[in-house]
Structures are given as C-alpha cells and as structure tokens.
>>> print(open('my_file.cif').read())   # mmCIF, C-alpha atoms and all ligand atoms
data_input
loop_
_atom_site.label_atom_id
_atom_site.label_comp_id
_atom_site.auth_asym_id
_atom_site.auth_seq_id
_atom_site.Cartn_x
_atom_site.Cartn_y
_atom_site.Cartn_z
CA MET A 2 14.13 14.01 -13.03
CA ILE A 3 12.27 11.88 -10.50
CA THR A 4 13.92 8.60 -9.47
CA VAL A 5 11.82 5.90 -7.80
CA HIS A 6 13.88 3.60 -5.59
CA HIS A 7 11.75 0.57 -6.21
CA LEU A 8 11.89 -2.60 -4.14
CA ASN A 9 10.52 -5.62 -5.96
CA ASN A 10 7.07 -6.81 -4.89
CA SER A 11 6.38 -3.92 -2.54
CA ARG A 12 4.35 -0.83 -1.69
CA SER A 13 6.54 1.01 -4.12
CA GLN A 14 4.42 -0.40 -6.96
CA ARG A 15 1.73 2.18 -6.19
CA ILE A 16 4.21 5.05 -6.67
CA LEU A 17 4.93 3.79 -10.19
CA TRP A 18 1.18 3.75 -10.80
CA MET A 19 0.85 7.32 -9.46
CA LEU A 20 3.59 8.51 -11.83
CA GLU A 21 1.99 6.76 -14.79
CA GLU A 22 -1.29 8.42 -13.85
CA LEU A 23 0.40 11.84 -13.69
CA GLY A 24 2.18 11.20 -16.99
CA VAL A 25 5.49 12.69 -15.82
CA ASP A 26 8.98 11.49 -16.75
CA TYR A 27 10.70 9.34 -14.18
CA GLN A 28 13.31 6.66 -13.91
CA VAL A 29 13.36 3.55 -11.74
CA LYS A 30 16.25 2.17 -9.73
CA HIS A 31 15.48 -1.45 -8.91
CA TYR A 32 16.35 -3.12 -5.58
CA GLN A 33 15.79 -6.80 -4.80
CA ARG A 34 14.61 -8.24 -1.49
CA ASP A 35 16.80 -10.85 0.17
CA ALA A 36 15.31 -14.16 -0.98
CA GLU A 37 15.36 -15.61 2.54
CA THR A 38 14.61 -12.71 4.88
CA GLN A 39 12.59 -10.60 2.41
CA GLN A 40 14.49 -7.57 3.76
CA ALA A 41 15.51 -4.70 1.51
CA PRO A 42 19.20 -4.49 0.51
CA LYS A 43 21.37 -2.15 2.56
CA GLU A 44 21.91 0.16 -0.47
CA LEU A 45 18.48 1.63 0.33
CA PHE A 46 19.97 3.10 3.54
CA GLU A 47 22.12 5.28 1.30
CA ILE A 48 18.94 6.94 0.00
CA HIS A 49 17.02 7.32 3.28
CA ALA A 50 17.83 6.57 6.93
CA LEU A 51 15.08 3.92 7.31
CA GLY A 52 16.25 1.85 4.34
CA LYS A 53 12.68 1.17 3.16
CA SER A 54 10.88 1.49 -0.14
CA PRO A 55 9.21 3.47 -1.58
CA VAL A 56 11.49 6.45 -1.54
CA ILE A 57 11.91 8.96 -4.34
CA THR A 58 14.49 11.58 -5.20
CA ASP A 59 13.61 14.57 -7.35
CA ASP A 60 16.16 16.98 -8.73
CA ALA A 61 13.56 19.30 -10.26
CA PRO A 62 12.41 22.01 -10.33
CA LYS A 63 15.09 23.75 -8.21
CA THR A 64 16.65 21.72 -5.43
CA ALA A 65 17.27 18.02 -5.09
CA ILE A 66 14.96 16.45 -2.53
CA THR A 67 14.30 13.00 -1.10
CA VAL A 68 10.79 11.96 -0.07
CA ALA A 69 10.01 8.77 1.86
CA GLU A 70 6.72 7.25 3.11
CA SER A 71 4.14 6.34 0.47
CA GLY A 72 1.47 8.81 1.62
CA ALA A 73 3.95 11.69 1.73
CA ILE A 74 5.29 10.73 -1.72
CA ILE A 75 1.79 10.62 -3.22
CA GLU A 76 0.93 13.96 -1.65
CA TYR A 77 4.22 15.49 -2.85
CA LEU A 78 3.75 14.22 -6.42
CA ALA A 79 0.12 15.32 -6.54
CA GLN A 80 1.01 18.80 -5.28
CA ALA A 81 4.06 19.22 -7.50
CA TYR A 82 2.93 17.53 -10.71
CA GLY A 83 -0.82 17.18 -10.94
CA LYS A 84 -3.44 18.83 -8.81
CA ASP A 85 -6.04 16.63 -10.56
CA MET A 86 -5.15 13.86 -8.15
CA ILE A 87 -6.27 15.99 -5.16
CA PRO A 88 -9.86 17.19 -4.69
CA ARG A 89 -10.42 20.92 -4.24
CA LYS A 90 -9.55 22.10 -0.71
CA ASN A 91 -12.32 22.62 1.88
CA THR A 92 -14.67 20.17 0.18
CA ALA A 93 -16.10 16.89 1.48
CA ALA A 94 -14.04 15.08 -1.17
CA TYR A 95 -10.85 16.71 0.10
CA ARG A 96 -11.56 15.57 3.66
CA GLN A 97 -12.14 12.05 2.37
CA TYR A 98 -8.89 12.26 0.40
CA ILE A 99 -6.89 13.18 3.52
CA TYR A 100 -8.70 10.55 5.57
CA TRP A 101 -8.03 7.58 3.25
CA LEU A 102 -4.51 8.73 2.45
CA HIS A 103 -3.71 8.35 6.17
CA PHE A 104 -5.99 5.41 6.92
CA SER A 105 -4.12 3.14 4.52
CA GLU A 106 -0.82 3.03 6.42
CA GLY A 107 -2.08 4.40 9.74
CA SER A 108 -5.00 2.03 10.46
CA LEU A 109 -5.28 -0.75 7.91
CA MET A 110 -1.68 -1.82 7.25
CA PRO A 111 -0.75 -2.30 10.96
CA GLN A 112 -3.65 -4.74 11.40
CA LEU A 113 -2.77 -6.63 8.21
CA LEU A 114 0.85 -6.84 9.29
CA LEU A 115 -0.09 -8.16 12.73
CA LYS A 116 -2.19 -10.82 11.03
CA LEU A 117 0.73 -11.78 8.79
CA ILE A 118 3.15 -11.98 11.72
CA PHE A 119 0.90 -14.03 14.01
CA ASP A 120 -0.04 -16.38 11.15
CA LYS A 121 3.68 -16.86 10.49
CA ILE A 122 4.40 -17.62 14.16
CA LYS A 123 2.05 -20.61 13.93
CA THR A 124 4.10 -22.24 11.17
CA ALA A 125 7.60 -20.98 12.08
CA PRO A 126 10.29 -23.62 12.75
CA MET A 127 10.53 -24.29 16.51
CA PRO A 128 11.04 -27.22 18.92
CA PHE A 129 7.95 -29.48 18.84
CA PHE A 130 7.17 -28.97 22.55
CA ILE A 131 7.01 -25.18 22.12
CA ARG A 132 4.67 -25.27 19.10
CA PRO A 133 1.36 -25.82 20.97
CA ILE A 134 2.20 -22.94 23.33
CA ALA A 135 3.25 -20.58 20.52
CA LYS A 136 0.20 -21.58 18.48
CA GLY A 137 -2.09 -21.06 21.45
CA ILE A 138 -0.74 -17.56 22.11
CA ALA A 139 -0.89 -16.63 18.40
CA ASN A 140 -4.48 -17.87 18.10
CA LYS A 141 -5.49 -15.94 21.21
CA VAL A 142 -4.02 -12.65 19.95
CA LEU A 143 -5.48 -13.25 16.50
CA GLY A 144 -8.92 -14.16 17.82
CA ASN A 145 -9.19 -11.51 20.53
CA TYR A 146 -7.55 -8.59 18.87
CA VAL A 147 -6.24 -8.85 15.31
CA LEU A 148 -9.03 -10.57 13.36
CA PRO A 149 -11.86 -8.47 14.86
CA ASN A 150 -9.90 -5.33 13.95
CA VAL A 151 -9.19 -6.53 10.40
CA LYS A 152 -12.89 -7.34 10.00
CA ASN A 153 -13.91 -3.97 11.36
CA ASN A 154 -11.60 -2.18 8.93
CA MET A 155 -12.69 -4.29 5.97
CA ASP A 156 -16.41 -3.87 6.77
CA PHE A 157 -15.88 -0.13 6.97
CA ILE A 158 -14.14 -0.05 3.55
CA GLU A 159 -16.83 -2.28 2.03
CA ASP A 160 -19.50 0.10 3.31
CA HIS A 161 -17.72 3.06 1.76
CA LEU A 162 -17.20 1.35 -1.59
CA SER A 163 -20.80 0.15 -1.71
CA GLU A 164 -21.80 3.83 -1.96
CA ASN A 165 -18.81 5.37 -3.76
CA ASP A 166 -16.97 4.52 -6.98
CA TRP A 167 -13.73 6.02 -5.62
CA PHE A 168 -12.38 6.69 -2.15
CA ALA A 169 -12.63 10.50 -2.34
CA GLY A 170 -15.30 12.13 -4.46
CA ASP A 171 -16.47 11.04 -7.88
CA LYS A 172 -13.08 10.53 -9.55
CA MET A 173 -9.81 8.78 -8.88
CA THR A 174 -7.38 10.60 -6.58
CA GLY A 175 -4.11 9.88 -4.79
CA ALA A 176 -6.18 8.27 -2.01
CA ASP A 177 -7.15 5.45 -4.40
CA ILE A 178 -3.52 4.84 -5.22
CA GLN A 179 -2.57 4.81 -1.54
CA MET A 180 -5.38 2.38 -0.67
CA SER A 181 -4.49 -0.02 -3.50
CA PHE A 182 -1.66 -1.86 -1.74
CA PRO A 183 -3.43 -2.95 1.48
CA LEU A 184 -6.52 -3.94 -0.48
CA GLU A 185 -4.46 -5.99 -2.91
CA ALA A 186 -2.59 -7.59 -0.02
CA SER A 187 -5.92 -8.42 1.68
CA MET A 188 -7.30 -9.91 -1.50
CA ALA A 189 -4.24 -12.09 -1.90
CA ARG A 190 -4.63 -13.56 1.60
CA THR A 191 -8.31 -13.34 2.54
CA LYS A 192 -11.47 -14.75 1.03
CA MET A 193 -13.32 -11.70 -0.25
CA ASP A 194 -16.80 -13.28 -0.31
CA ASP A 195 -18.04 -10.81 2.29
CA TYR A 196 -16.54 -7.86 0.42
CA PRO A 197 -17.98 -7.85 -3.12
CA HIS A 198 -17.65 -4.08 -3.62
CA THR A 199 -14.05 -4.06 -2.42
CA LYS A 200 -13.22 -7.00 -4.67
CA ALA A 201 -14.87 -5.31 -7.67
CA TYR A 202 -13.01 -2.08 -6.89
CA VAL A 203 -9.61 -3.84 -6.89
CA GLU A 204 -10.51 -5.63 -10.12
CA LYS A 205 -11.49 -2.28 -11.63
CA ILE A 206 -8.19 -0.56 -10.82
CA HIS A 207 -6.29 -3.55 -12.21
CA THR A 208 -7.83 -2.95 -15.63
CA LEU A 209 -6.61 0.66 -15.86
CA GLU A 210 -4.04 1.31 -18.57
CA THR A 211 -1.83 3.31 -16.21
CA TYR A 212 -1.91 0.51 -13.64
CA GLN A 213 -0.90 -2.04 -16.29
CA LYS A 214 1.93 0.20 -17.53
CA ALA A 215 3.24 0.54 -13.96
CA LEU A 216 3.29 -3.24 -13.67
CA GLU A 217 5.45 -3.52 -16.79
CA VAL A 218 7.86 -0.97 -15.35
CA GLY A 219 8.00 -2.46 -11.84
CA GLY A 220 8.46 -6.11 -12.74
CA PRO A 221 6.93 -9.12 -10.97
CA TYR A 222 4.31 -8.16 -8.37
CA ASP A 223 2.40 -10.82 -6.42
CA TYR A 224 -0.73 -8.80 -5.76
CA ALA A 225 -1.91 -7.83 -9.26
N1 LIG B 301 4.77 3.05 5.80
C1 LIG B 301 5.86 2.92 4.88
C2 LIG B 301 6.30 1.45 4.87
C3 LIG B 301 7.56 1.21 4.07
C4 LIG B 301 7.92 -0.28 4.09
O1 LIG B 301 7.86 -0.95 5.14
N2 LIG B 301 8.27 -0.81 2.91
C5 LIG B 301 8.59 -2.21 2.80
C6 LIG B 301 8.20 -2.71 1.42
S1 LIG B 301 6.48 -2.99 1.26
C7 LIG B 301 10.09 -2.43 2.90
O2 LIG B 301 10.87 -1.59 2.49
N3 LIG B 301 10.48 -3.62 3.37
C8 LIG B 301 11.83 -4.08 3.37
C9 LIG B 301 12.47 -4.04 4.71
O3 LIG B 301 11.78 -3.78 5.72
O4 LIG B 301 13.67 -4.33 4.78
C10 LIG B 301 5.39 3.38 3.51
O5 LIG B 301 4.20 3.27 3.21
O6 LIG B 301 6.21 3.90 2.74
#
>>> encode(input="my_file.cif", output="structure tokens")
Amino acid sequence: MITVHHLNNSRSQRILWMLEELGVDYQVKHYQRDAETQQAPKELFEIHALGKSPVITDDAPKTAITVAESGAIIEYLAQAYGKDMIPRKNTAAYRQYIYWLHFSEGSLMPQLLLKLIFDKIKTAPMPFFIRPIAKGIANKVLGNYVLPNVKNNMDFIEDHLSENDWFAGDKMTGADIQMSFPLEASMARTKMDDYPHTKAYVEKIHTLETYQKALEVGGPYDYA
C-alpha cells in the first residue's frame, strides 16, 4: 500500500492528484504546518532525512521503499503504476515530459521562492530605521534579478501553452501534474493578465474530476 505523507497546503497536493489519476489504492497520513512558522512538524524527519513533504512510502510490490522529491515521486508512480502518464521513450513528447518535470522545481520554483522571500523582507517586523535600507535592498534584488527571471519563465510557459494543450504531447502526463503547483502558486500571487493561456490551463486542470477528488482527500488548499 502506498502512503502519502501529506503536509497541509503544500506541493504534496499534486501527488494526491497523480494517485487519483492513476486510480491506485493509497492512504494519506496528514501533517500540519506550524501556524506561525509554516514549517513542517518534526515527525516528517522520521520518514525522510529532509523532513519535507511530499514523501511517500510504498510497501508493494516486494520491498518497502521511501521516495521523496515531487518529481522523483511522480516518475516512480508513473513507472510503477501507470505508463500512460509517461509518453513513449525516444519521442519528442518524452523529451518534453522530462524537460517540464525538471523545470518545475529546478527553474521555476526557485525564482518564485526568491520573489516570496524578498517580498516578505519588505514587510517583516524590524526597527523603523532599518526598514528603508532593507526595502531598498529587497527592491534592488527583485528589480534587477528576480522579477525579470520570473517574467522570462512565465513568458516561456505562456508561449508553450499557447501552442500546446498539455505540457508534453497531446495528452496529460506526469509533467502536467508536476507543473501544477508553481502555476497555481503564481496565479495566487500574480496578476495573470499577460498569461491568458496559462490561466486557462490552470482553470482547465481545476475542473478535472481526479483533481477535485484529490482536493477532498487533501483538505484545505489555498491554490485551487
Ligand atoms: N523540491 C521539493 C520541495 C519540498 C518542500 O520544500 N516542501 C515544502 C512544502 S510545499 C515543505 O515541506 N515545507 C515545510 C518545511 O520546509 O518545513 C519537492 O518538490 O518535493
């Protein structure tokens, strides 16, 4: 049986969606973020050394295994339980699948996280005489580095989705599931006026029955 160690309101939501899409049996162990720090509880360190979510354990078919890191979990589940979520090897669609599976956490999420952190610095509690300095530095990093990179990434995604219904090939794959979280997070924090295809894509995945079922299983999720 697969167990998803699910942290509320987190990337782990997409693993629940993947499992609903695959139609395999699984159970969920729920973990709650600390209300103040938003950190995961320390029980997650008992499952994997980094103490993050998602992480899954699977005691089938033969040996018990633990898999961490969303992209690796999606790839593992697709390989083990449903090849339909991976395009055929050595095809253009397969190369796209690998690309977007890695792009999500490797390129896009770091930029979105930097934006979140530097935006937070501007409003963090601090002595009044420090604020203009902190704000100045944050605005400089945002303006010179972070925002141009976020825009570049988002323009690139918009371009791709203006010509493709899905990220890899002509049907949904694990790459779509992996890309869902950063796009949802962007939509929650950014005006999407310049990204109509990306916005429509996120709205489309939100209507899927499997996505809705995963939401019921996972509990409150800010980005749906
Ligand atoms: N790249 C990792 C990121 C894992 C990660 O940072 N998860 C967040 C939830 S979205 C987490 O566990 N945060 C709680 C913490 O850092 O204490 C993945 O995609 O699995």
>>> residues_near_point(input="my_file.cif", point="(12.1, 6.3, -5.3)", cutoff="8 Å", atoms="all atoms listed in the file", output="list of chain:residue names")
A:Ile3, A:Thr4, A:Val5, A:His6, A:His7, A:Ser13, A:Val29, A:Lys30, A:Ser54, A:Pro55, A:Val56, A:Ile57, A:Thr58, A:Val68, A:Ala69
>>> residues_near_ligand(input="my_file.cif", ligand="ligand LIG 301 (chain B)", cutoff="6 Å", atoms="only C-alpha atoms and all ligand atoms", output="PDB file with C-alpha atoms, in the coordinates of the input")
ATOM      1  CA  SER A  11       6.380  -3.920  -2.540  1.00  0.00           C
ATOM      2  CA  ARG A  12       4.350  -0.830  -1.690  1.00  0.00           C
ATOM      3  CA  GLN A  40      14.490  -7.570   3.760  1.00  0.00           C
ATOM      4  CA  ALA A  41      15.510  -4.700   1.510  1.00  0.00           C
ATOM      5  CA  LYS A  53      12.680   1.170   3.160  1.00  0.00           C
ATOM      6  CA  SER A  54      10.880   1.490  -0.140  1.00  0.00           C
ATOM      7  CA  PRO A  55       9.210   3.470  -1.580  1.00  0.00           C
ATOM      8  CA  GLU A  70       6.720   7.250   3.110  1.00  0.00           C
ATOM      9  CA  SER A  71       4.140   6.340   0.470  1.00  0.00           C
ATOM     10  CA  GLU A 106      -0.820   3.030   6.420  1.00  0.00           C
TER      11      GLU A 106
END
>>> residues_around(input="my_file.cif", residues="Gln112 (chain A)", least_positions_apart="4", cutoff="9 Å", atoms="only C-alpha atoms", output="compact mmCIF listing (two decimals) with C-alpha atoms, in the coordinates of the input")
# COMPACT_ATOMS: atom_id res chain seq x y z
CA SER A 108 -5.00 2.03 10.46
CA LYS A 116 -2.19 -10.82 11.03
CA LEU A 117 0.73 -11.78 8.79
CA VAL A 147 -6.24 -8.85 15.31
CA LEU A 148 -9.03 -10.57 13.36
CA ASN A 150 -9.90 -5.33 13.95
CA VAL A 151 -9.19 -6.53 10.40
CA ASN A 154 -11.60 -2.18 8.93
>>> axis_aligned_box(input="my_file.cif", around="region 198-207 of chain A", padding_each_side="8 Å", output="lines of an AutoDock Vina configuration file")
center_x = -12.0
center_y = -3.8
center_z = -7.3
size_x = 27.4
size_y = 22.4
size_z = 25.8
>>> atom_distance(input="my_file.cif", atom1="CA of Asp177 (chain A)", atom2="CA of Met2 (chain A)")
24.5 Å
>>> residues_near_point(input="my_file.cif", point="(13.8, 15.6, -12.3)", cutoff="10 Å", atoms="only C-alpha atoms", output="list in words")
Met2, Ile3, Thr4, Val25, Asp26, Tyr27, Gln28, Thr58, Asp59, Asp60, Ala61, Pro62, Lys63, Thr64, Ala65 and Ile66 of chain A
>>> residues_around(input="my_file.cif", residues="Pro197 (chain A)", least_positions_apart="6", cutoff="12 Å", atoms="all atoms listed in the file", output="ChimeraX atom specification")
/A:155-156,158-163,188,203-204
>>> write_last_selection(input="my_file.cif", atoms="C-alpha atoms", output="compact mmCIF listing (two decimals), in the frame of the given file")
# COMPACT_ATOMS: atom_id res chain seq x y z
CA MET A 155 -12.69 -4.29 5.97
CA ASP A 156 -16.41 -3.87 6.77
CA ILE A 158 -14.14 -0.05 3.55
CA GLU A 159 -16.83 -2.28 2.03
CA ASP A 160 -19.50 0.10 3.31
CA HIS A 161 -17.72 3.06 1.76
CA LEU A 162 -17.20 1.35 -1.59
CA SER A 163 -20.80 0.15 -1.71
CA MET A 188 -7.30 -9.91 -1.50
CA VAL A 203 -9.61 -3.84 -6.89
CA GLU A 204 -10.51 -5.63 -10.12
>>> atom_distance(input="my_file.cif", atom1="CA of Phe157 (chain A)", atom2="CA of Gly107 (chain A)")
14.8 Å
>>> atom_distance(input="my_file.cif", atom1="CA of Ala94 (chain A)", atom2="CA of Asp195 (chain A)")
26.4 Å
>>> residues_around(input="my_file.cif", residues="Leu78 (chain A)", least_positions_apart="6", cutoff="9 Å", atoms="only C-alpha atoms", output="tab-separated table (two decimals) with C-alpha atoms, in the frame of the given file")
chain	number	residue	atom	x	y	z
A	19	MET	CA	0.85	7.32	-9.46
A	20	LEU	CA	3.59	8.51	-11.83
A	23	LEU	CA	0.40	11.84	-13.69
A	84	LYS	CA	-3.44	18.83	-8.81
>>> residues_around(input="my_file.cif", residues="Gly83 (chain A)", least_positions_apart="3", cutoff="12 Å", atoms="all atoms listed in the file", output="number ranges by chain")
A: 19-25, 75-80, 86-88, 174-175
>>> closest_residue(input="my_file.cif", among="A:Glu37, A:Ile178, A:Asp194, A:Leu51", to="Arg15 (chain A)", atoms="only C-alpha atoms")
A:Ile178
>>> residues_around(input="my_file.cif", residues="Ala215 (chain A)", least_positions_apart="5", cutoff="8 Å", atoms="all atoms listed in the file", output="PyMOL selection string")
chain A and resi 14+17-18+21
